[in-house]
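Novice: Input file: coords-v2.cif. Contents: mmCIF, C-alpha atoms.
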```cif
data_run
#
loop_
_atom_site.group_PDB
_atom_site.id
_atom_site.type_symbol
_atom_site.label_atom_id
_atom_site.label_comp_id
_atom_site.auth_asym_id
_atom_site.auth_seq_id
_atom_site.Cartn_x
_atom_site.Cartn_y
_atom_site.Cartn_z
ATOM 1 C CA MET A 1057 69.829 319.050 -3.803
ATOM 2 C CA TRP A 1058 71.344 315.573 -4.293
ATOM 3 C CA LYS A 1059 70.485 314.743 -0.693
ATOM 4 C CA ILE A 1060 66.844 315.432 -1.583
ATOM 5 C CA ILE A 1061 66.905 313.102 -4.609
ATOM 6 C CA LEU A 1062 68.681 310.470 -2.519
ATOM 7 C CA PHE A 1063 65.974 310.613 0.157
ATOM 8 C CA LEU A 1064 63.236 310.278 -2.479
ATOM 9 C CA CYS A 1065 64.941 307.451 -4.391
ATOM 10 C CA SER A 1066 65.777 305.424 -1.292
ATOM 11 C CA GLY A 1067 62.117 305.699 -0.306
ATOM 12 C CA ILE A 1068 61.009 304.505 -3.762
ATOM 13 C CA ALA A 1069 63.505 301.610 -3.571
ATOM 14 C CA ILE A 1070 62.102 300.511 -0.214
ATOM 15 C CA GLY A 1071 58.547 300.798 -1.539
ATOM 16 C CA LEU A 1072 59.473 298.761 -4.628
ATOM 17 C CA PHE A 1073 61.500 295.976 -3.031
ATOM 18 C CA PHE A 1074 59.769 295.483 0.303
ATOM 19 C CA LYS A 1075 56.160 294.378 0.456
ATOM 20 C CA LEU A 1076 54.705 296.754 3.017
ATOM 21 C CA SER A 1077 51.649 295.716 5.020
ATOM 22 C CA GLU A 1078 48.547 297.913 4.884
ATOM 23 C CA ARG A 1079 49.325 298.906 8.489
ATOM 24 C CA ALA A 1080 52.808 300.026 7.508
ATOM 25 C CA LYS A 1081 51.400 302.026 4.591
ATOM 26 C CA LYS A 1082 48.837 303.626 6.889
ATOM 27 C CA PHE A 1083 51.610 304.430 9.382
ATOM 28 C CA ASN A 1084 53.714 305.904 6.581
ATOM 29 C CA SER A 1085 50.783 308.045 5.454
ATOM 30 C CA ASN A 1086 50.143 309.290 9.011
ATOM 31 C CA LEU A 1087 53.842 309.998 9.463
ATOM 32 C CA GLN A 1088 53.740 311.989 6.240
ATOM 33 C CA LEU A 1089 50.872 314.106 7.514
ATOM 34 C CA LEU A 1090 52.713 314.762 10.785
ATOM 35 C CA GLY A 1091 55.895 315.604 8.877
ATOM 36 C CA LEU A 1092 53.971 317.962 6.603
ATOM 37 C CA VAL A 1093 52.335 319.729 9.560
ATOM 38 C CA LEU A 1094 55.721 320.202 11.274
ATOM 39 C CA LEU A 1095 57.342 321.288 8.023
ATOM 40 C CA LEU A 1096 54.609 323.811 7.232
ATOM 41 C CA GLY A 1097 54.602 324.971 10.845
ATOM 42 C CA SER A 1098 58.343 325.613 10.796
ATOM 43 C CA MET A 1099 57.926 327.412 7.490
ATOM 44 C CA GLY A 1100 55.244 329.565 9.067
ATOM 45 C CA ILE A 1101 57.657 330.403 11.890
ATOM 46 C CA SER A 1102 60.293 331.513 9.354
ATOM 47 C CA ILE A 1103 57.689 333.669 7.608
ATOM 48 C CA GLY A 1104 56.206 335.095 10.825
ATOM 49 C CA ALA A 1105 59.627 335.924 12.262
ATOM 50 C CA ASN A 1106 60.600 337.753 9.061
ATOM 51 C CA PRO A 1107 59.301 341.345 9.271
ATOM 52 C CA LYS A 1108 60.206 341.936 5.601
ATOM 53 C CA ILE A 1109 57.691 339.314 4.464
ATOM 54 C CA MET A 1110 54.969 340.244 6.917
ATOM 55 C CA SER A 1111 54.962 343.881 5.846
ATOM 56 C CA ASN A 1112 54.924 342.861 2.153
ATOM 57 C CA LEU A 1113 52.248 340.174 2.452
ATOM 58 C CA SER A 1114 49.536 342.142 0.662
ATOM 59 C CA SER A 1115 51.711 342.626 -2.429
ATOM 60 C CA ILE A 1116 53.033 339.040 -2.239
ATOM 61 C CA GLY A 1117 49.461 337.772 -2.058
ATOM 62 C CA VAL A 1118 48.334 339.360 -5.319
ATOM 63 C CA GLN A 1119 51.581 338.448 -7.063
ATOM 64 C CA SER A 1120 51.319 334.830 -5.897
ATOM 65 C CA PHE A 1121 47.728 334.575 -7.044
ATOM 66 C CA LEU A 1122 48.679 335.843 -10.514
ATOM 67 C CA TYR A 1123 51.597 333.377 -10.635
ATOM 68 C CA ALA A 1124 49.136 330.582 -9.901
ATOM 69 C CA LEU A 1125 46.475 331.839 -12.308
ATOM 70 C CA PHE A 1126 48.865 332.200 -15.260
ATOM 71 C CA SER A 1127 50.473 328.795 -14.643
ATOM 72 C CA VAL A 1128 47.130 326.980 -14.347
ATOM 73 C CA LEU A 1129 45.593 328.820 -17.290
ATOM 74 C CA PHE A 1130 48.539 328.232 -19.643
ATOM 75 C CA SER A 1131 48.819 324.579 -18.527
ATOM 76 C CA ALA A 1132 45.124 324.109 -19.314
ATOM 77 C CA ILE A 1133 45.338 325.796 -22.735
ATOM 78 C CA ILE A 1134 48.506 323.981 -23.843
ATOM 79 C CA GLY A 1135 47.022 320.751 -22.438
ATOM 80 C CA LEU A 1136 43.875 321.202 -24.541
ATOM 81 C CA ILE A 1137 45.898 321.702 -27.716
ATOM 82 C CA LEU A 1138 48.435 318.893 -27.160
ATOM 83 C CA ILE A 1139 45.825 316.334 -25.988
ATOM 84 C CA LYS A 1140 43.711 317.098 -29.065
ATOM 85 C CA LEU A 1141 46.740 316.667 -31.331
ATOM 86 C CA VAL A 1142 47.733 313.338 -29.731
ATOM 87 C CA LYS A 1143 44.161 312.006 -29.938
ATOM 88 C CA ARG A 1144 43.880 313.057 -33.587
ATOM 89 C CA GLY A 1145 47.161 311.273 -34.298
ATOM 90 C CA ASP A 1146 45.795 308.074 -32.753
ATOM 91 C CA ALA A 1147 42.464 308.178 -34.587
ATOM 92 C CA MET B 412 39.080 319.840 2.214
ATOM 93 C CA TRP B 413 40.377 318.822 5.655
ATOM 94 C CA ALA B 414 43.873 318.623 4.178
ATOM 95 C CA THR B 415 43.562 322.246 3.065
ATOM 96 C CA ILE B 416 42.368 323.210 6.553
ATOM 97 C CA ILE B 417 45.301 321.384 8.176
ATOM 98 C CA VAL B 418 47.726 323.091 5.798
ATOM 99 C CA PHE B 419 46.393 326.557 6.512
ATOM 100 C CA ALA B 420 46.159 325.886 10.258
ATOM 101 C CA SER B 421 49.800 324.683 10.395
ATOM 102 C CA VAL B 422 51.160 327.638 8.477
ATOM 103 C CA PHE B 423 48.971 330.168 10.279
ATOM 104 C CA ALA B 424 49.937 328.784 13.706
ATOM 105 C CA GLY B 425 53.585 328.873 12.634
ATOM 106 C CA ILE B 426 53.320 332.474 11.439
ATOM 107 C CA LEU B 427 51.703 333.553 14.722
ATOM 108 C CA ALA B 428 54.353 331.648 16.701
ATOM 109 C CA GLY B 429 57.103 333.261 14.607
ATOM 110 C CA MET B 430 55.637 336.720 15.161
ATOM 111 C CA PHE B 431 54.963 336.566 18.880
ATOM 112 C CA VAL B 432 56.381 333.450 20.592
ATOM 113 C CA VAL B 433 59.527 331.927 19.089
ATOM 114 C CA PRO B 434 62.773 333.696 20.134
ATOM 115 C CA ASP B 435 65.184 334.790 17.373
ATOM 116 C CA ALA B 436 67.869 332.327 18.547
ATOM 117 C CA ILE B 437 65.578 329.377 17.755
ATOM 118 C CA VAL B 438 64.365 330.852 14.438
ATOM 119 C CA ALA B 439 67.904 330.381 13.071
ATOM 120 C CA ASP B 440 67.789 326.634 13.892
ATOM 121 C CA ILE B 441 64.314 326.222 12.368
ATOM 122 C CA ASP B 442 65.830 326.313 8.866
ATOM 123 C CA SER B 443 68.040 323.260 9.364
ATOM 124 C CA ILE B 444 65.214 321.451 11.136
ATOM 125 C CA SER B 445 62.852 322.059 8.210
ATOM 126 C CA THR B 446 65.470 320.856 5.700
ATOM 127 C CA LEU B 447 65.867 317.630 7.673
ATOM 128 C CA MET B 448 62.100 317.270 7.903
ATOM 129 C CA LEU B 449 61.855 317.675 4.117
ATOM 130 C CA GLY B 450 64.304 314.799 3.672
ATOM 131 C CA PHE B 451 62.224 312.458 5.803
ATOM 132 C CA LEU B 452 59.038 313.614 4.090
ATOM 133 C CA LEU B 453 60.503 312.872 0.646
ATOM 134 C CA PHE B 454 61.650 309.478 1.881
ATOM 135 C CA SER B 455 58.114 308.770 3.030
ATOM 136 C CA VAL B 456 56.626 310.024 -0.266
ATOM 137 C CA GLY B 457 59.125 307.781 -2.080
ATOM 138 C CA ILE B 458 57.805 304.760 -0.186
ATOM 139 C CA ASP B 459 54.283 305.693 -1.322
ATOM 140 C CA ILE B 460 55.347 305.892 -4.973
ATOM 141 C CA GLY B 461 57.446 302.723 -4.846
ATOM 142 C CA SER B 462 54.808 300.587 -3.136
ATOM 143 C CA ASN B 463 52.162 301.420 -5.739
ATOM 144 C CA LYS B 464 53.217 298.687 -8.164
ATOM 145 C CA GLU B 465 50.087 298.626 -10.367
ATOM 146 C CA ALA B 466 50.334 302.309 -11.175
ATOM 147 C CA LEU B 467 54.009 302.070 -12.029
ATOM 148 C CA SER B 468 53.587 298.988 -14.260
ATOM 149 C CA ASP B 469 50.790 300.703 -16.203
ATOM 150 C CA LEU B 470 53.288 303.323 -17.277
ATOM 151 C CA LYS B 471 53.880 301.700 -20.675
ATOM 152 C CA SER B 472 50.305 301.568 -21.976
ATOM 153 C CA LYS B 473 49.399 305.032 -20.719
ATOM 154 C CA SER B 474 52.735 306.646 -21.352
ATOM 155 C CA LYS B 475 51.741 308.666 -24.422
ATOM 156 C CA MET B 476 48.950 310.582 -22.696
ATOM 157 C CA VAL B 477 50.973 310.920 -19.498
ATOM 158 C CA ILE B 478 53.908 312.443 -21.379
ATOM 159 C CA THR B 479 51.522 314.773 -23.238
ATOM 160 C CA ILE B 480 50.035 316.028 -19.965
ATOM 161 C CA VAL B 481 53.406 316.373 -18.221
ATOM 162 C CA THR B 482 54.696 318.350 -21.236
ATOM 163 C CA SER B 483 51.631 320.624 -21.134
ATOM 164 C CA VAL B 484 52.155 321.413 -17.445
ATOM 165 C CA ILE B 485 55.878 322.078 -17.880
ATOM 166 C CA LEU B 486 55.327 324.327 -20.925
ATOM 167 C CA GLY B 487 52.300 326.046 -19.370
ATOM 168 C CA SER B 488 54.218 326.775 -16.180
ATOM 169 C CA ILE B 489 57.183 328.127 -18.159
ATOM 170 C CA ALA B 490 54.762 330.397 -20.048
ATOM 171 C CA GLY B 491 53.269 331.540 -16.736
ATOM 172 C CA GLY B 492 56.749 332.181 -15.355
ATOM 173 C CA PHE B 493 57.729 334.278 -18.372
ATOM 174 C CA ALA B 494 54.459 336.250 -18.208
ATOM 175 C CA MET B 495 55.007 337.061 -14.514
ATOM 176 C CA SER B 496 58.662 337.877 -15.057
ATOM 177 C CA TYR B 497 57.527 340.395 -17.681
ATOM 178 C CA LEU B 498 54.676 341.842 -15.590
ATOM 179 C CA TYR B 499 56.557 342.195 -12.309
ATOM 180 C CA SER B 500 60.105 342.569 -13.693
ATOM 181 C CA ILE B 501 61.308 339.621 -11.618
ATOM 182 C CA SER B 502 64.438 337.818 -12.865
ATOM 183 C CA THR B 503 63.424 335.050 -15.282
ATOM 184 C CA ASN B 504 65.249 332.252 -13.437
ATOM 185 C CA THR B 505 63.488 333.018 -10.131
ATOM 186 C CA SER B 506 60.136 333.330 -11.895
ATOM 187 C CA LEU B 507 60.527 330.000 -13.725
ATOM 188 C CA ALA B 508 61.659 328.300 -10.487
ATOM 189 C CA ILE B 509 58.518 329.546 -8.705
ATOM 190 C CA THR B 510 56.181 328.170 -11.393
ATOM 191 C CA ALA B 511 58.129 324.868 -11.500
ATOM 192 C CA GLY B 512 56.533 323.982 -8.145
ATOM 193 C CA TYR B 513 53.540 322.609 -10.124
ATOM 194 C CA GLY B 514 51.311 323.058 -7.068
ATOM 195 C CA TRP B 515 53.487 321.143 -4.617
ATOM 196 C CA TYR B 516 53.749 324.014 -2.162
ATOM 197 C CA SER B 517 55.649 322.409 0.704
ATOM 198 C CA ILE B 518 58.597 321.240 -1.382
ATOM 199 C CA SER B 519 58.977 324.167 -3.783
ATOM 200 C CA ALA B 520 58.656 326.689 -0.950
ATOM 201 C CA ILE B 521 61.330 325.006 1.172
ATOM 202 C CA LEU B 522 63.635 324.567 -1.831
ATOM 203 C CA LEU B 523 63.359 328.234 -2.822
ATOM 204 C CA LYS B 524 63.659 329.417 0.766
ATOM 205 C CA ASP B 525 67.022 327.619 0.890
ATOM 206 C CA LEU B 526 68.143 328.528 -2.649
ATOM 207 C CA ALA B 527 66.901 332.121 -2.880
ATOM 208 C CA SER B 528 65.351 333.866 0.142
ATOM 209 C CA ALA B 529 62.550 333.562 2.684
ATOM 210 C CA GLU B 530 60.546 336.019 0.594
ATOM 211 C CA VAL B 531 60.828 333.991 -2.635
ATOM 212 C CA GLY B 532 59.998 330.896 -0.575
ATOM 213 C CA ALA B 533 56.866 332.642 0.678
ATOM 214 C CA ILE B 534 55.815 333.624 -2.861
ATOM 215 C CA ALA B 535 56.420 330.036 -4.010
ATOM 216 C CA PHE B 536 54.372 328.749 -1.108
ATOM 217 C CA LEU B 537 51.420 331.068 -1.728
ATOM 218 C CA THR B 538 51.635 330.555 -5.511
ATOM 219 C CA ASN B 539 51.417 326.810 -5.202
ATOM 220 C CA VAL B 540 48.657 326.914 -2.583
ATOM 221 C CA PHE B 541 46.627 329.174 -4.893
ATOM 222 C CA ARG B 542 47.449 326.811 -7.743
ATOM 223 C CA GLU B 543 45.851 323.907 -5.935
ATOM 224 C CA VAL B 544 42.766 325.959 -5.112
ATOM 225 C CA LEU B 545 42.475 327.115 -8.745
ATOM 226 C CA ALA B 546 42.915 323.503 -9.890
ATOM 227 C CA PHE B 547 39.850 322.512 -7.850
ATOM 228 C CA ILE B 548 37.893 325.123 -9.798
ATOM 229 C CA PHE B 549 39.376 324.292 -13.224
ATOM 230 C CA ILE B 550 39.099 320.471 -13.079
ATOM 231 C CA PRO B 551 35.288 320.100 -13.265
ATOM 232 C CA ILE B 552 35.038 322.893 -15.863
ATOM 233 C CA MET B 553 37.630 321.260 -18.140
ATOM 234 C CA ALA B 554 36.175 317.751 -17.748
ATOM 235 C CA THR B 555 32.639 318.918 -18.531
ATOM 236 C CA ASN B 556 33.364 321.284 -21.410
ATOM 237 C CA PHE B 557 36.358 319.589 -23.022
ATOM 238 C CA SER B 558 37.939 316.118 -22.857
ATOM 239 C CA HIS B 559 38.350 314.137 -19.619
ATOM 240 C CA GLU B 560 42.129 314.169 -19.979
ATOM 241 C CA SER B 561 42.192 317.964 -20.247
ATOM 242 C CA SER B 562 41.113 318.204 -16.595
ATOM 243 C CA ILE B 563 44.531 316.889 -15.473
ATOM 244 C CA PRO B 564 46.999 319.655 -16.554
ATOM 245 C CA PRO B 565 45.562 322.347 -14.217
ATOM 246 C CA ALA B 566 46.265 320.036 -11.254
ATOM 247 C CA GLY B 567 49.998 319.801 -11.995
ATOM 248 C CA ALA B 568 51.822 317.717 -9.388
ATOM 249 C CA THR B 569 48.721 317.501 -7.185
ATOM 250 C CA ALA B 570 47.148 315.234 -9.842
ATOM 251 C CA MET B 571 48.584 312.335 -7.831
ATOM 252 C CA ASP B 572 47.184 313.257 -4.418
ATOM 253 C CA THR B 573 44.923 316.148 -3.418
ATOM 254 C CA CYS B 574 43.292 316.619 -6.837
ATOM 255 C CA LEU B 575 43.082 312.917 -7.715
ATOM 256 C CA PRO B 576 39.757 312.195 -5.940
ATOM 257 C CA LEU B 577 38.117 315.116 -7.744
ATOM 258 C CA ILE B 578 39.559 314.143 -11.153
ATOM 259 C CA SER B 579 38.507 310.545 -10.587
ATOM 260 C CA ARG B 580 34.992 311.719 -9.689
ATOM 261 C CA VAL B 581 34.440 313.933 -12.726
ATOM 262 C CA THR B 582 36.131 311.575 -15.241
ATOM 263 C CA SER B 583 36.708 307.793 -15.355
ATOM 264 C CA PRO B 584 39.061 305.276 -13.639
ATOM 265 C CA ASP B 585 41.100 305.171 -16.849
ATOM 266 C CA VAL B 586 41.772 308.903 -16.671
ATOM 267 C CA ALA B 587 42.397 308.697 -12.918
ATOM 268 C CA ILE B 588 45.334 306.339 -13.564
ATOM 269 C CA ILE B 589 46.762 308.766 -16.135
ATOM 270 C CA SER B 590 46.254 311.579 -13.632
ATOM 271 C CA PHE B 591 48.099 309.690 -10.910
ATOM 272 C CA LEU B 592 51.020 308.851 -13.200
ATOM 273 C CA SER B 593 51.438 312.407 -14.516
ATOM 274 C CA GLY B 594 51.282 313.661 -10.925
ATOM 275 C CA VAL B 595 53.977 311.171 -9.896
ATOM 276 C CA ILE B 596 56.261 312.284 -12.729
ATOM 277 C CA LEU B 597 55.637 315.998 -12.108
ATOM 278 C CA SER B 598 56.210 315.540 -8.369
ATOM 279 C CA SER B 599 59.509 313.784 -9.024
ATOM 280 C CA LEU B 600 60.477 316.624 -11.353
ATOM 281 C CA VAL B 601 59.819 319.391 -8.802
ATOM 282 C CA PRO B 602 62.951 318.786 -6.656
ATOM 283 C CA VAL B 603 64.987 318.599 -9.888
ATOM 284 C CA LEU B 604 63.476 321.420 -11.986
ATOM 285 C CA VAL B 605 63.131 324.081 -9.267
ATOM 286 C CA PRO B 606 66.919 324.166 -8.623
ATOM 287 C CA PHE B 607 67.532 323.709 -12.380
ATOM 288 C CA PHE B 608 65.499 326.769 -13.395
ATOM 289 C CA TYR B 609 66.880 328.786 -10.488
ATOM 290 C CA ALA B 610 70.439 328.008 -11.639
ATOM 291 C CA LEU B 611 69.756 329.275 -15.198
#
```
Before we go any further, please render this structure as structure tokens.

Specialist:
Amino acid sequence: MWKIILFLCSGIAIGLFFKLSERAKKFNSNLQLLGLVLLLGSMGISIGANPKIMSNLSSIGVQSFLYALFSVLFSAIIGLILIKLVKRGDA
Amino acid sequence: MWATIIVFASVFAGILAGMFVVPDAIVADIDSISTLMLGFLLFSVGIDIGSNKEALSDLKSKSKMVITIVTSVILGSIAGGFAMSYLYSISTNTSLAITAGYGWYSISAILLKDLASAEVGAIAFLTNVFREVLAFIFIPIMATNFSHESSIPPAGATAMDTCLPLISRVTSPDVAIISFLSGVILSSLVPVLVPFFYAL
């Protein structure tokens, strides 16, 4: 957990204090894509090699979709209300 | 769009490899490899955030709207987590941790795979992938029918990357900056709030 924050913060520090060339930024972005592909691929391997998940995928699929739908819907509704309130306060 | 294709291709190829190719002995090592990979990925994402000086210095003038949007996403996701916990009788802490991914599927899935189980990690992954897809549908609807700013909360953490071009297209550059900043804050909160909610 703290290792994760440390990785993120040291990256931010480097981005803040070193002026990176456009080439370096492009390289960083490509590296990120490669890292993401490998990360997602290894996650797929963990999922595919786990018979418990594979046999439950149909139920997980519906459940996951509902998780997403409720989160997006409630975020949108609360967003509408709070943004309106903040704008009214400014006016 | 191509990013979505790459994501699905990577995961699908991995799943097939895990089912048919990769021997069990290597599967055990995959976990530590993916944790290491996550570290490097976060480091790289950190460089992206840190090197975007204009966006970070704008934080003061836009902070009110950014905080409003971040609050909406956090509260909305908590509400979604509670609703699902009630519907599926899943423990509240796990449910809240799943919805605290804010659409950042790679990170929240890996975190929950390590903290909870491969199954919870898979739900978190699918949830947050669906969340991004739903955001693509919600963003234009919200921007057209309501205020420009209201198109940002559905995007959650992806407001800084995958959803940003769409938000920028259907709103204005002003709103795009707010979108980026709220996405940055929400993304930084994911690695903190997922373990926090899970530990409740």

Novice: Report as a ChimeraX atom specification the full result of the PyMOL selection byres ((chain B) within 6 of (chain A)) when it is applied to this structure.

Specialist: /B:421-422,425-426,428-430,445,450,452-454,457-458,460-462,483-484,487-488,491,530,534,537-538,541-542,561,564-565

Novice: Between B:Val540, B:Val581, B:Ile588, B:Ala511, which has the minimum distance to Leu600 (chain B) (counting all atoms listed in the file)?

Specialist: B:Ala511

Novice: Could you write out as a ChimeraX atom specification the residues that the PyMOL selection byres ((chain B and resi 522) around 8) matches in the shown file?

Specialist: /B:518-521,523-526,532,602,605-606

Novice: Could you tell me how far CA of Met448 (chain B) lies from CA of Leu545 (chain B), in Å and to one decimal?

Specialist: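 Separation of CA of Met448 (chain B) and CA of Leu545 (chain B): 27.6 Å.
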
Novice: So how far away is CA of Thr573 (chain B) from CA of Ile548 (chain B), in Å?

Specialist: 13.1 Å

Novice: Between CA of Ile563 (chain B) and CA of Lys1082 (chain A), what is the distance in Å, rounded to a tenth?

Specialist: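 Calculated distance between CA of Ile563 (chain B) and CA of Lys1082 (chain A) is 26.4 Å.
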
Novice: Using the chain letters and numbers from the file, which residues does the PyMOL selection byres ((chain B and resi 475) around 12) grab, as a ChimeraX atom specification?

Specialist: /A:1138-1139,1141-1143,1145-1146 /B:469-474,476-482,560,589,592-593

Novice: Using only C-alpha atoms, pick whichever of B:Thr503, B:His559, B:Ile441, B:Ala546 has the shortest atom-to-atom distance to Asp585 (chain B).

Specialist: B:His559

Novice: Can you tell me, as a list in words, which residues sit within 9 Å of (42.6, 309.7, -12.6) in the file's frame, using all atoms listed in the file?

Specialist: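 All residues meeting the 9 Å criterion around (42.6, 309.7, -12.6) are Glu560, Ile563, Ala570, Met571, Leu575, Pro576, Leu577, Ile578, Ser579, Arg580, Thr582, Ser583, Pro584, Asp585, Val586, Ala587, Ile588, Ile589, Ser590, Phe591 and Leu592 of chain B.
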
Novice: Missing atoms in region 500-515 of chain B: can you complete it with N, CA and C atoms, as a compact mmCIF listing (two decimals), keeping the file's coordinate frame?

Specialist:
```txt
# COMPACT_ATOMS: atom_id res chain seq x y z
N SER B 500 58.65 342.44 -13.53
CA SER B 500 60.10 342.57 -13.69
C SER B 500 60.89 341.83 -12.61
N ILE B 501 60.57 340.52 -12.49
CA ILE B 501 61.31 339.62 -11.62
C ILE B 501 62.29 338.87 -12.53
N SER B 502 63.47 338.53 -12.03
CA SER B 502 64.44 337.82 -12.86
C SER B 502 63.82 336.50 -13.35
N THR B 503 64.08 336.18 -14.63
CA THR B 503 63.42 335.05 -15.28
C THR B 503 63.70 333.74 -14.56
N ASN B 504 64.93 333.54 -14.09
CA ASN B 504 65.25 332.25 -13.44
C ASN B 504 64.43 332.06 -12.16
N THR B 505 64.29 333.11 -11.36
CA THR B 505 63.49 333.02 -10.13
C THR B 505 62.03 332.74 -10.47
N SER B 506 61.52 333.46 -11.48
CA SER B 506 60.14 333.33 -11.90
C SER B 506 59.83 331.90 -12.38
N LEU B 507 60.73 331.36 -13.21
CA LEU B 507 60.53 330.00 -13.72
C LEU B 507 60.62 328.97 -12.60
N ALA B 508 61.52 329.23 -11.62
CA ALA B 508 61.66 328.30 -10.49
C ALA B 508 60.39 328.29 -9.64
N ILE B 509 59.76 329.47 -9.49
CA ILE B 509 58.52 329.55 -8.70
C ILE B 509 57.41 328.74 -9.38
N THR B 510 57.27 328.88 -10.71
CA THR B 510 56.18 328.17 -11.39
C THR B 510 56.51 326.69 -11.60
N ALA B 511 57.77 326.28 -11.37
CA ALA B 511 58.13 324.87 -11.50
C ALA B 511 57.75 324.07 -10.25
N GLY B 512 57.01 324.71 -9.32
CA GLY B 512 56.53 323.98 -8.14
C GLY B 512 55.35 323.08 -8.49
N TYR B 513 54.67 323.38 -9.60
CA TYR B 513 53.54 322.61 -10.12
C TYR B 513 52.46 322.34 -9.07
N GLY B 514 52.35 323.22 -8.08
CA GLY B 514 51.31 323.06 -7.07
C GLY B 514 51.76 322.34 -5.81
N TRP B 515 53.00 321.85 -5.81
CA TRP B 515 53.49 321.14 -4.62
C TRP B 515 54.13 322.18 -3.69
```
